[in-house]
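Below is one structure, written out as structure tokens; comments come after it.
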4 protein chains.
Amino acid sequence: MEKETIRIENFSDAVFAIAITLLVLDLHAPDIQTVKNGAELLAYLKNEWTAYLAFTLSFFSIFIMWVNHHKIFKQIYSRNTAIMFSNGLILFLVTAVSYPTALLSRFFEGEASSISVAIYTGIFVLINISYNLLWFIASNNKKLLRPGITNSAIKKIRNNYLYGFPTYLIAFGISFHYPAAALAISMLLLIYWAVSSGKINMVEE
Amino acid sequence: MEKETIRIENFSDAVFAIAITLLVLDLHAPDIQTVKNGAELLAYLKNEWTAYLAFTLSFFSIFIMWVNHHKIFKQIYSRNTAIMFSNGLILFLVTAVSYPTALLSRFFEGEASSISVAIYTGIFVLINISYNLLWFIASNNKKLLRPGITNSAIKKIRNNYLYGFPTYLIAFGISFHYPAAALAISMLLLIYWAVSSGKINMVEE
Amino acid sequence: MEKETIRIENFSDAVFAIAITLLVLDLHAPDIQTVKNGAELLAYLKNEWTAYLAFTLSFFSIFIMWVNHHKIFKQIYSRNTAIMFSNGLILFLVTAVSYPTALLSRFFEGEASSISVAIYTGIFVLINISYNLLWFIASNNKKLLRPGITNSAIKKIRNNYLYGFPTYLIAFGISFHYPAAALAISMLLLIYWAVSSGKINMVEE
Amino acid sequence: MEKETIRIENFSDAVFAIAITLLVLDLHAPDIQTVKNGAELLAYLKNEWTAYLAFTLSFFSIFIMWVNHHKIFKQIYSRNTAIMFSNGLILFLVTAVSYPTALLSRFFEGEASSISVAIYTGIFVLINISYNLLWFIASNNKKLLRPGITNSAIKKIRNNYLYGFPTYLIAFGISFHYPAAALAISMLLLIYWAVSSGKINMVEE
């Protein structure tokens with residue numbers, strides 16, 4: 001049985017690659033009028049730490065999403081309209097990540113901190129839901145999957161994304177009162193995904 | 001017979017992927033000076049709903065155009081200069097979509113609403129024409145097509161795009177007086193394309 | 001003999017695709033403050049005709065350069081450092097095209113017209129030189145070329161690019177006094193390239 | 001043994017291609033209000049020479065990094081989490097290059113010159129470290145490498161990147177007092193990499 005999903009994967013890979021690279025456009029160099037000498041430039045750059053934090057966090061988030069996207073599609077061999085559009089939803093949210101990133105970068109310090117973190121963690125809740133949806137649609141119809149995939153492998157992948165959901169929701173929930181803690185949880189989740197992506201790997205072989 | 005059009009498809013896929021991802025650059029984060037606290041940030045974001053509407057509409061429009069582009073090129077096996085440049089015209093219009101999107105995002109609310117919607121629906125009329133042109137050129141010379149394609153399959157694809165034309169034209173026509181209704185029709189057409197792309201799919205097998 | 005240049009071509013294709021799509025970023029939507037109603041929006045857009053001209057001209061110029069790039073690389077089977085870097089030079093100039101495009105779009109009307117057109121036509125002179133350089137390097141060492149390529153095919157391709165050089169130079173030269181005529185020549189050259197790319201095609205088969 | 005790393009390479013190639021093309025976005029066309037005629041346009045453009053220098057330097061730096069990236073991955077056949085994330089680190093730094101480029105372009109002339117050059121050369125120190133890290137991880141476990149690779153080939157590649165490290169560090173170190181000399185060293189290193197990439201090539205065959 002031939003894999004039908006190769007071009008969806010290639011198109012998705014391209015969107016991930018562009019989305020991850022466009023993030024840098026929100027790192028702004030200062031105007032020549034504002035910054036007169038080296039000390040002022042260093043001061044300006046130090047003040048931009050939230051932009052670097054947001055850039056770094058979003059870069060590695062999209063990177064790990066891409067790793068996971070590929071891992072899911074390694075198990076999907078056929079496509080239907082539902083697969084196409086749940087994947088379209090993932091791509092939509094992934095390209096949108098740069099917007100909450102820009103908000104976080106500008107408002108993490110200051111009074112709008114909790115709202116900007118809530119929006120930032122909120123989009124990861126939505127992305128988690130869209131991954132769960134894709135895998136739900138794919139695994140619901142075994143004809144769409146890689147021939148010979150075991151039920152335990154299907155369940156393992158499902159659980160991997162389902163378990164993410166409450167954690168993202170918690171991060172989102174506490175953003176309103178403890179934005180820094182919510183962001184820290186997001187970072188820990190990043191590391192968890194990175195490690196757990198290794199685990200799914202073992203499922204494949 | 002070998003398929004000669006693979007690199008045109010790859011190049012086109014890349015242009016679609018970049019065009020769809022660049023749309024996010026028109027979502028603007030507010031200045032730190034304008035927005036002082038969470039309530040003001042939320043108020044700013046709520047006020048930006050036309051930008052989100054335009055972004056979402058254009059994202060899924062380009063996504064469905066890409067799906068349809070691929071479906072047409074699955075049937076085209078050879079290329080000539082006319083194919084190259086009618087495809088170039090499609091890519092030209094697809095990359096241009098972000099400009100009417102930016103206009104819609106800024107002027108859908110307010111007195112320039114009808115003009116911005118007319119321009120927005122107008123580009124989809126042009127894109128529909130360019131798809132019709134590509135298929136007209138390709139299907140006019142059966143040597144360019146997939147060997148073994150049936151006449152009924154050729155007609156089915158042609159009708160699929162031809163039927164789109166009057167509908168887009170109606171959307172364009174009523175933009176001047178009922179911009180909101182014209183945009184609603186565009187959204188319905190989006191859903192129609194999504195569903196009808198499933199129908200073309202059946203033609204292929 | 002295996003073709004060694006596939007990944008250079010893929011990388012180049014990606015750069016062409018991105019460069020062609022980024023051009024749209026120089027179409028600027030007006031501020032909401034400047035434009036109050038439909039009539040003002042139309043007046044603003046009419047006034048932007050130089051931007052549309054520059055966008056259209058550059059889009060199809062890069063498109064035809066891509067077609068020609070591919071045609072040259074269809075004949076190149078091996079690579080060496082000189083091929084790598086003359087190709088790098090082409091990519092460098094292609095990505096830079098958006099800068100003279102922005103200048104043309106802003107200054108074609110007005111007193112800086114001739115300088116902006118000279119810079120615009122000037123980059124096409126440089127690009128023509130870089131294509132000639134690439135083909136000179138490749139055809140100088142027949143081991144780099146497709147096995148079985150005929151001398152007349154090599155010459156045909158060389159002449160195709162060599163003949164472009166004086167014409168581009170003329171367009172560049174007259175930009176200083178007749179900018180509109182120089183731009184018109186560039187457009188005619190575009191059509192010539194489009195047609196002549198068909199001729200090279202015949203060489204291949 | 002099948003090569004497992006193809007999609008990492010494709011994704012990386014796309015990120016390199018986008019990062020290299022986005023550099024042009026930091027070449028800014030002047031406002032129509034500022035520049036009134038051809039002489040003023042030429043004066044403006046002459047004044048922008050630091051932007052062209054930074055653009056050119058960064059373009060060819062990323063180009064050579066891409067050549068080297070490919071050369072390393074030609075020797076890597078399997079992947080593990082460490083490979084994935086050390087490659088992710090390289091991509092992170094490569095996409096970030098446009099930021100120090102923008103700083104260099106604005107501040108190379110003037111009092112913040114040494115700081116802007118130090119940041120610019122600093123990112124190349126980091127990129128050199130990330131390449132060393134990737135090759136350290138890959139070569140530490142011969143199962144990850146191309147079957148049949150010789151120890152001398154492994155050592156040759158390692159030395160190629162290791163020798164770069166002190167040179168980049170020197171460029172970084174002297175940036176604080178002799179920014180122009182530090183930039184000149186970076187340019188010489190560029191040429192060294194271009195030539196040495198030919199040498200690694202020979203290792204492959």
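Ligands are numbered from 1 in the order shown, chains are lettered A, B, ... in the order of the structure tokens, and residues start at 1 in each chain.
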
task: Restrict the distance test to only C-alpha atoms, flag each residue of chain B within 9 Å of chain C, and return the flagged residues as a PyMOL selection string.
output: chain B and resi 7+10-12+14-16+18-19+22+80-81+84-85+88-89+91-92+95-100+102-103+106-107+110-116

Can you spit out the residues from that selection as a JSON list (two decimals), in the first residue's frame, using C-alpha atoms?
[["chain", "number", "residue", "atom", "x", "y", "z"],
["B", 7, "ARG", "CA", 9.17, 20.62, -10.33],
["B", 10, "ASN", "CA", 7.12, 21.65, -6.05],
["B", 11, "PHE", "CA", 7.80, 25.29, -6.83],
["B", 12, "SER", "CA", 4.07, 26.09, -6.71],
["B", 14, "ALA", "CA", 6.50, 26.33, -1.95],
["B", 15, "VAL", "CA", 4.88, 29.57, -3.13],
["B", 16, "PHE", "CA", 1.51, 28.50, -1.65],
["B", 18, "ILE", "CA", 5.01, 30.91, 1.88],
["B", 19, "ALA", "CA", 1.98, 32.97, 0.82],
["B", 22, "LEU", "CA", 3.11, 35.42, 5.39],
["B", 80, "ASN", "CA", 4.31, 23.77, -22.45],
["B", 81, "THR", "CA", 4.83, 27.51, -22.30],
["B", 84, "MET", "CA", 3.92, 27.45, -17.38],
["B", 85, "PHE", "CA", 2.53, 30.95, -17.65],
["B", 88, "GLY", "CA", 2.57, 31.62, -13.14],
["B", 89, "LEU", "CA", -0.56, 33.76, -13.24],
["B", 91, "LEU", "CA", 0.94, 31.97, -8.34],
["B", 92, "PHE", "CA", 1.03, 35.72, -8.98],
["B", 95, "THR", "CA", 0.94, 35.72, -3.52],
["B", 96, "ALA", "CA", -1.04, 38.93, -4.04],
["B", 97, "VAL", "CA", -3.90, 37.74, -1.79],
["B", 98, "SER", "CA", -2.22, 39.18, 1.30],
["B", 99, "TYR", "CA", -2.72, 42.71, -0.04],
["B", 100, "PRO", "CA", -6.55, 42.67, -0.31],
["B", 102, "ALA", "CA", -4.68, 43.72, 4.59],
["B", 103, "LEU", "CA", -7.21, 46.11, 3.06],
["B", 106, "ARG", "CA", -8.32, 47.55, 8.02],
["B", 107, "PHE", "CA", -11.43, 48.78, 6.23],
["B", 110, "GLY", "CA", -16.14, 51.83, 8.49],
["B", 111, "GLU", "CA", -17.05, 53.73, 5.38],
["B", 112, "ALA", "CA", -14.62, 52.04, 2.99],
["B", 113, "SER", "CA", -16.14, 48.65, 3.80],
["B", 114, "SER", "CA", -17.81, 47.99, 0.44],
["B", 115, "ILE", "CA", -14.72, 48.93, -1.59],
["B", 116, "SER", "CA", -12.44, 46.76, 0.54]]

- request: Enumerate as number ranges by chain all residues of stretch 72-166 of chain B assigned to alpha helix (DSSP H) by DSSP on the backbone, naming them with the chain letters and numbers the document uses.
  value: B: 72-73, 81-96, 98-107, 113-139, 151-166

Write out the coordinates of chain A as a PDB file with C-alpha atoms, in the first residue's frame after a least-squares overlay onto chain D built on all ordered Cα pairs.
ATOM      1  CA  MET A   1      21.220   0.666   5.650  1.00  0.00           C
ATOM      2  CA  GLU A   2      18.752   3.386   4.827  1.00  0.00           C
ATOM      3  CA  LYS A   3      19.393   7.028   5.542  1.00  0.00           C
ATOM      4  CA  GLU A   4      16.987   8.166   8.268  1.00  0.00           C
ATOM      5  CA  THR A   5      17.900  11.825   8.262  1.00  0.00           C
ATOM      6  CA  ILE A   6      16.466  12.944   4.933  1.00  0.00           C
ATOM      7  CA  ARG A   7      13.521  14.854   6.353  1.00  0.00           C
ATOM      8  CA  ILE A   8      15.716  16.613   8.936  1.00  0.00           C
ATOM      9  CA  GLU A   9      17.899  17.717   6.039  1.00  0.00           C
ATOM     10  CA  ASN A  10      14.921  18.877   3.967  1.00  0.00           C
ATOM     11  CA  PHE A  11      13.475  20.817   6.882  1.00  0.00           C
ATOM     12  CA  SER A  12      16.893  22.333   7.629  1.00  0.00           C
ATOM     13  CA  ASP A  13      17.411  23.245   3.969  1.00  0.00           C
ATOM     14  CA  ALA A  14      14.076  25.062   4.004  1.00  0.00           C
ATOM     15  CA  VAL A  15      15.009  26.992   7.155  1.00  0.00           C
ATOM     16  CA  PHE A  16      18.387  27.964   5.637  1.00  0.00           C
ATOM     17  CA  ALA A  17      16.667  29.069   2.412  1.00  0.00           C
ATOM     18  CA  ILE A  18      14.135  31.214   4.264  1.00  0.00           C
ATOM     19  CA  ALA A  19      16.686  32.688   6.660  1.00  0.00           C
ATOM     20  CA  ILE A  20      18.989  33.656   3.763  1.00  0.00           C
ATOM     21  CA  THR A  21      16.142  35.260   1.813  1.00  0.00           C
ATOM     22  CA  LEU A  22      14.648  37.179   4.746  1.00  0.00           C
ATOM     23  CA  LEU A  23      17.930  39.095   5.121  1.00  0.00           C
ATOM     24  CA  VAL A  24      16.832  41.399   2.326  1.00  0.00           C
ATOM     25  CA  LEU A  25      13.984  42.717   4.494  1.00  0.00           C
ATOM     26  CA  ASP A  26      16.553  44.785   6.365  1.00  0.00           C
ATOM     27  CA  LEU A  27      17.411  46.793   3.246  1.00  0.00           C
ATOM     28  CA  HIS A  28      15.082  49.749   3.661  1.00  0.00           C
ATOM     29  CA  ALA A  29      13.922  51.987   0.835  1.00  0.00           C
ATOM     30  CA  PRO A  30      13.751  55.640   1.869  1.00  0.00           C
ATOM     31  CA  ASP A  31      10.474  57.507   2.333  1.00  0.00           C
ATOM     32  CA  ILE A  32       9.217  59.617  -0.544  1.00  0.00           C
ATOM     33  CA  GLN A  33       9.155  62.602   1.774  1.00  0.00           C
ATOM     34  CA  THR A  34      12.853  62.326   2.688  1.00  0.00           C
ATOM     35  CA  VAL A  35      14.207  61.845  -0.801  1.00  0.00           C
ATOM     36  CA  LYS A  36      13.095  64.350  -3.438  1.00  0.00           C
ATOM     37  CA  ASN A  37      15.303  63.731  -6.476  1.00  0.00           C
ATOM     38  CA  GLY A  38      17.899  61.473  -8.029  1.00  0.00           C
ATOM     39  CA  ALA A  39      20.843  63.098  -6.300  1.00  0.00           C
ATOM     40  CA  GLU A  40      19.221  62.701  -2.897  1.00  0.00           C
ATOM     41  CA  LEU A  41      18.357  59.090  -3.679  1.00  0.00           C
ATOM     42  CA  LEU A  42      21.963  58.350  -4.611  1.00  0.00           C
ATOM     43  CA  ALA A  43      23.153  60.098  -1.474  1.00  0.00           C
ATOM     44  CA  TYR A  44      20.742  58.056   0.630  1.00  0.00           C
ATOM     45  CA  LEU A  45      21.858  54.806  -1.002  1.00  0.00           C
ATOM     46  CA  LYS A  46      25.549  55.628  -0.612  1.00  0.00           C
ATOM     47  CA  ASN A  47      24.920  56.250   3.063  1.00  0.00           C
ATOM     48  CA  GLU A  48      23.417  52.762   3.350  1.00  0.00           C
ATOM     49  CA  TRP A  49      26.712  51.000   2.539  1.00  0.00           C
ATOM     50  CA  THR A  50      26.823  49.360   5.975  1.00  0.00           C
ATOM     51  CA  ALA A  51      23.446  47.740   5.245  1.00  0.00           C
ATOM     52  CA  TYR A  52      24.792  46.297   1.966  1.00  0.00           C
ATOM     53  CA  LEU A  53      27.961  45.131   3.680  1.00  0.00           C
ATOM     54  CA  ALA A  54      25.988  43.403   6.448  1.00  0.00           C
ATOM     55  CA  PHE A  55      23.548  41.891   3.937  1.00  0.00           C
ATOM     56  CA  THR A  56      26.343  40.550   1.720  1.00  0.00           C
ATOM     57  CA  LEU A  57      28.395  39.200   4.614  1.00  0.00           C
ATOM     58  CA  SER A  58      25.424  37.458   6.219  1.00  0.00           C
ATOM     59  CA  PHE A  59      24.118  36.085   2.928  1.00  0.00           C
ATOM     60  CA  PHE A  60      27.361  34.348   2.083  1.00  0.00           C
ATOM     61  CA  SER A  61      27.892  33.281   5.705  1.00  0.00           C
ATOM     62  CA  ILE A  62      24.550  31.502   5.768  1.00  0.00           C
ATOM     63  CA  PHE A  63      25.227  30.129   2.289  1.00  0.00           C
ATOM     64  CA  ILE A  64      28.506  28.565   3.429  1.00  0.00           C
ATOM     65  CA  MET A  65      26.882  27.313   6.646  1.00  0.00           C
ATOM     66  CA  TRP A  66      24.310  25.608   4.479  1.00  0.00           C
ATOM     67  CA  VAL A  67      27.023  23.989   2.337  1.00  0.00           C
ATOM     68  CA  ASN A  68      28.730  22.759   5.490  1.00  0.00           C
ATOM     69  CA  HIS A  69      25.489  21.599   7.053  1.00  0.00           C
ATOM     70  CA  HIS A  70      24.814  19.447   4.062  1.00  0.00           C
ATOM     71  CA  LYS A  71      28.321  18.069   4.134  1.00  0.00           C
ATOM     72  CA  ILE A  72      28.009  17.002   7.752  1.00  0.00           C
ATOM     73  CA  PHE A  73      24.616  15.399   7.189  1.00  0.00           C
ATOM     74  CA  LYS A  74      25.946  13.448   4.239  1.00  0.00           C
ATOM     75  CA  GLN A  75      27.886  11.498   6.862  1.00  0.00           C
ATOM     76  CA  ILE A  76      25.013  11.110   9.351  1.00  0.00           C
ATOM     77  CA  TYR A  77      22.674   8.214   8.604  1.00  0.00           C
ATOM     78  CA  SER A  78      20.718   7.737  11.832  1.00  0.00           C
ATOM     79  CA  ARG A  79      19.222  10.173  14.250  1.00  0.00           C
ATOM     80  CA  ASN A  80      18.560  10.308  17.955  1.00  0.00           C
ATOM     81  CA  THR A  81      17.193  12.993  20.250  1.00  0.00           C
ATOM     82  CA  ALA A  82      20.624  14.564  20.736  1.00  0.00           C
ATOM     83  CA  ILE A  83      21.145  14.890  16.959  1.00  0.00           C
ATOM     84  CA  MET A  84      17.665  16.377  16.573  1.00  0.00           C
ATOM     85  CA  PHE A  85      18.221  19.042  19.181  1.00  0.00           C
ATOM     86  CA  SER A  86      21.804  19.951  18.356  1.00  0.00           C
ATOM     87  CA  ASN A  87      20.555  20.442  14.804  1.00  0.00           C
ATOM     88  CA  GLY A  88      17.633  22.459  16.222  1.00  0.00           C
ATOM     89  CA  LEU A  89      20.195  24.651  17.985  1.00  0.00           C
ATOM     90  CA  ILE A  90      22.016  25.265  14.683  1.00  0.00           C
ATOM     91  CA  LEU A  91      18.743  26.229  12.991  1.00  0.00           C
ATOM     92  CA  PHE A  92      17.830  28.488  15.906  1.00  0.00           C
ATOM     93  CA  LEU A  93      21.115  30.381  15.572  1.00  0.00           C
ATOM     94  CA  VAL A  94      20.914  30.514  11.776  1.00  0.00           C
ATOM     95  CA  THR A  95      17.451  32.083  11.822  1.00  0.00           C
ATOM     96  CA  ALA A  96      18.673  34.498  14.486  1.00  0.00           C
ATOM     97  CA  VAL A  97      21.533  35.776  12.260  1.00  0.00           C
ATOM     98  CA  SER A  98      19.303  38.444  10.738  1.00  0.00           C
ATOM     99  CA  TYR A  99      19.088  40.216  14.088  1.00  0.00           C
ATOM    100  CA  PRO A 100      22.838  40.891  14.593  1.00  0.00           C
ATOM    101  CA  THR A 101      22.898  41.675  10.855  1.00  0.00           C
ATOM    102  CA  ALA A 102      20.357  44.447  11.429  1.00  0.00           C
ATOM    103  CA  LEU A 103      22.397  45.750  14.374  1.00  0.00           C
ATOM    104  CA  LEU A 104      25.615  45.724  12.327  1.00  0.00           C
ATOM    105  CA  SER A 105      23.868  47.432   9.444  1.00  0.00           C
ATOM    106  CA  ARG A 106      22.715  50.282  11.680  1.00  0.00           C
ATOM    107  CA  PHE A 107      25.587  50.710  14.098  1.00  0.00           C
ATOM    108  CA  PHE A 108      28.788  49.727  12.284  1.00  0.00           C
ATOM    109  CA  GLU A 109      29.352  53.386  11.637  1.00  0.00           C
ATOM    110  CA  GLY A 110      29.275  55.456  14.778  1.00  0.00           C
ATOM    111  CA  GLU A 111      29.976  55.009  18.461  1.00  0.00           C
ATOM    112  CA  ALA A 112      28.218  51.672  18.931  1.00  0.00           C
ATOM    113  CA  SER A 113      30.405  50.102  16.230  1.00  0.00           C
ATOM    114  CA  SER A 114      32.462  47.826  18.473  1.00  0.00           C
ATOM    115  CA  ILE A 115      29.437  46.470  20.347  1.00  0.00           C
ATOM    116  CA  SER A 116      27.529  45.753  17.136  1.00  0.00           C
ATOM    117  CA  VAL A 117      30.543  43.969  15.614  1.00  0.00           C
ATOM    118  CA  ALA A 118      31.096  42.007  18.830  1.00  0.00           C
ATOM    119  CA  ILE A 119      27.494  40.778  18.766  1.00  0.00           C
ATOM    120  CA  TYR A 120      27.823  39.957  15.079  1.00  0.00           C
ATOM    121  CA  THR A 121      31.058  37.998  15.458  1.00  0.00           C
ATOM    122  CA  GLY A 122      29.687  36.540  18.694  1.00  0.00           C
ATOM    123  CA  ILE A 123      26.846  34.743  16.964  1.00  0.00           C
ATOM    124  CA  PHE A 124      29.346  33.110  14.617  1.00  0.00           C
ATOM    125  CA  VAL A 125      31.273  31.845  17.658  1.00  0.00           C
ATOM    126  CA  LEU A 126      28.012  30.282  18.896  1.00  0.00           C
ATOM    127  CA  ILE A 127      27.241  28.812  15.487  1.00  0.00           C
ATOM    128  CA  ASN A 128      30.725  27.331  15.299  1.00  0.00           C
ATOM    129  CA  ILE A 129      30.170  25.760  18.739  1.00  0.00           C
ATOM    130  CA  SER A 130      26.828  24.308  17.616  1.00  0.00           C
ATOM    131  CA  TYR A 131      28.432  22.714  14.549  1.00  0.00           C
ATOM    132  CA  ASN A 132      31.194  21.270  16.721  1.00  0.00           C
ATOM    133  CA  LEU A 133      28.523  19.948  19.104  1.00  0.00           C
ATOM    134  CA  LEU A 134      26.566  18.286  16.292  1.00  0.00           C
ATOM    135  CA  TRP A 135      29.631  16.584  14.919  1.00  0.00           C
ATOM    136  CA  PHE A 136      30.816  15.622  18.418  1.00  0.00           C
ATOM    137  CA  ILE A 137      27.453  13.920  19.115  1.00  0.00           C
ATOM    138  CA  ALA A 138      27.325  12.233  15.718  1.00  0.00           C
ATOM    139  CA  SER A 139      30.917  11.027  15.626  1.00  0.00           C
ATOM    140  CA  ASN A 140      30.791   9.822  19.224  1.00  0.00           C
ATOM    141  CA  ASN A 141      28.503   6.984  18.168  1.00  0.00           C
ATOM    142  CA  LYS A 142      29.678   5.404  14.957  1.00  0.00           C
ATOM    143  CA  LYS A 143      26.283   3.697  14.510  1.00  0.00           C
ATOM    144  CA  LEU A 144      24.848   7.087  13.591  1.00  0.00           C
ATOM    145  CA  LEU A 145      27.306   7.626  10.758  1.00  0.00           C
ATOM    146  CA  ARG A 146      27.499   6.563   7.141  1.00  0.00           C
ATOM    147  CA  PRO A 147      28.553   2.909   7.044  1.00  0.00           C
ATOM    148  CA  GLY A 148      32.172   2.643   5.959  1.00  0.00           C
ATOM    149  CA  ILE A 149      33.247   6.121   6.967  1.00  0.00           C
ATOM    150  CA  THR A 150      36.934   6.096   7.940  1.00  0.00           C
ATOM    151  CA  ASN A 151      38.354   7.424  11.200  1.00  0.00           C
ATOM    152  CA  SER A 152      40.565   9.808   9.270  1.00  0.00           C
ATOM    153  CA  ALA A 153      37.514  11.278   7.538  1.00  0.00           C
ATOM    154  CA  ILE A 154      35.793  11.743  10.930  1.00  0.00           C
ATOM    155  CA  LYS A 155      38.886  13.467  12.288  1.00  0.00           C
ATOM    156  CA  LYS A 156      39.254  15.662   9.219  1.00  0.00           C
ATOM    157  CA  ILE A 157      35.726  17.016   9.612  1.00  0.00           C
ATOM    158  CA  ARG A 158      36.180  17.493  13.351  1.00  0.00           C
ATOM    159  CA  ASN A 159      39.403  19.429  12.862  1.00  0.00           C
ATOM    160  CA  ASN A 160      37.822  21.573  10.165  1.00  0.00           C
ATOM    161  CA  TYR A 161      35.287  22.919  12.688  1.00  0.00           C
ATOM    162  CA  LEU A 162      37.579  22.882  15.722  1.00  0.00           C
ATOM    163  CA  TYR A 163      40.147  25.041  13.940  1.00  0.00           C
ATOM    164  CA  GLY A 164      37.420  27.555  13.190  1.00  0.00           C
ATOM    165  CA  PHE A 165      36.698  28.045  16.881  1.00  0.00           C
ATOM    166  CA  PRO A 166      39.821  29.958  18.030  1.00  0.00           C
ATOM    167  CA  THR A 167      39.713  32.124  14.913  1.00  0.00           C
ATOM    168  CA  TYR A 168      36.107  33.125  15.519  1.00  0.00           C
ATOM    169  CA  LEU A 169      36.999  33.727  19.160  1.00  0.00           C
ATOM    170  CA  ILE A 170      39.854  36.018  18.124  1.00  0.00           C
ATOM    171  CA  ALA A 171      37.550  37.932  15.790  1.00  0.00           C
ATOM    172  CA  PHE A 172      35.078  38.268  18.656  1.00  0.00           C
ATOM    173  CA  GLY A 173      37.822  39.336  21.094  1.00  0.00           C
ATOM    174  CA  ILE A 174      39.280  42.083  18.938  1.00  0.00           C
ATOM    175  CA  SER A 175      35.827  43.421  17.968  1.00  0.00           C
ATOM    176  CA  PHE A 176      35.803  45.498  21.109  1.00  0.00           C
ATOM    177  CA  HIS A 177      38.861  47.499  20.061  1.00  0.00           C
ATOM    178  CA  TYR A 178      39.239  47.014  16.321  1.00  0.00           C
ATOM    179  CA  PRO A 179      35.764  46.378  14.927  1.00  0.00           C
ATOM    180  CA  ALA A 180      36.792  46.847  11.293  1.00  0.00           C
ATOM    181  CA  ALA A 181      39.647  44.358  11.663  1.00  0.00           C
ATOM    182  CA  ALA A 182      37.297  41.854  13.340  1.00  0.00           C
ATOM    183  CA  LEU A 183      34.920  42.110  10.440  1.00  0.00           C
ATOM    184  CA  ALA A 184      37.767  41.676   7.981  1.00  0.00           C
ATOM    185  CA  ILE A 185      38.791  38.469   9.786  1.00  0.00           C
ATOM    186  CA  SER A 186      35.193  37.238   9.526  1.00  0.00           C
ATOM    187  CA  MET A 187      35.347  37.817   5.794  1.00  0.00           C
ATOM    188  CA  LEU A 188      38.626  35.943   5.517  1.00  0.00           C
ATOM    189  CA  LEU A 189      37.105  33.086   7.519  1.00  0.00           C
ATOM    190  CA  LEU A 190      34.262  33.039   5.025  1.00  0.00           C
ATOM    191  CA  ILE A 191      36.732  32.508   2.209  1.00  0.00           C
ATOM    192  CA  TYR A 192      38.570  29.885   4.281  1.00  0.00           C
ATOM    193  CA  TRP A 193      35.292  27.991   4.842  1.00  0.00           C
ATOM    194  CA  ALA A 194      34.476  28.218   1.162  1.00  0.00           C
ATOM    195  CA  VAL A 195      37.830  26.738   0.227  1.00  0.00           C
ATOM    196  CA  SER A 196      37.905  24.177   3.040  1.00  0.00           C
ATOM    197  CA  SER A 197      34.410  23.008   2.122  1.00  0.00           C
ATOM    198  CA  GLY A 198      36.044  21.868  -1.098  1.00  0.00           C
ATOM    199  CA  LYS A 199      38.512  19.873   0.989  1.00  0.00           C
ATOM    200  CA  ILE A 200      35.784  18.082   2.971  1.00  0.00           C
ATOM    201  CA  ASN A 201      34.262  17.294  -0.361  1.00  0.00           C
ATOM    202  CA  MET A 202      37.282  15.227  -1.266  1.00  0.00           C
ATOM    203  CA  VAL A 203      36.874  13.301   1.970  1.00  0.00           C
ATOM    204  CA  GLU A 204      33.420  12.172   0.895  1.00  0.00           C
ATOM    205  CA  GLU A 205      34.307  10.522  -2.335  1.00  0.00           C
TER     206      GLU A 205
END
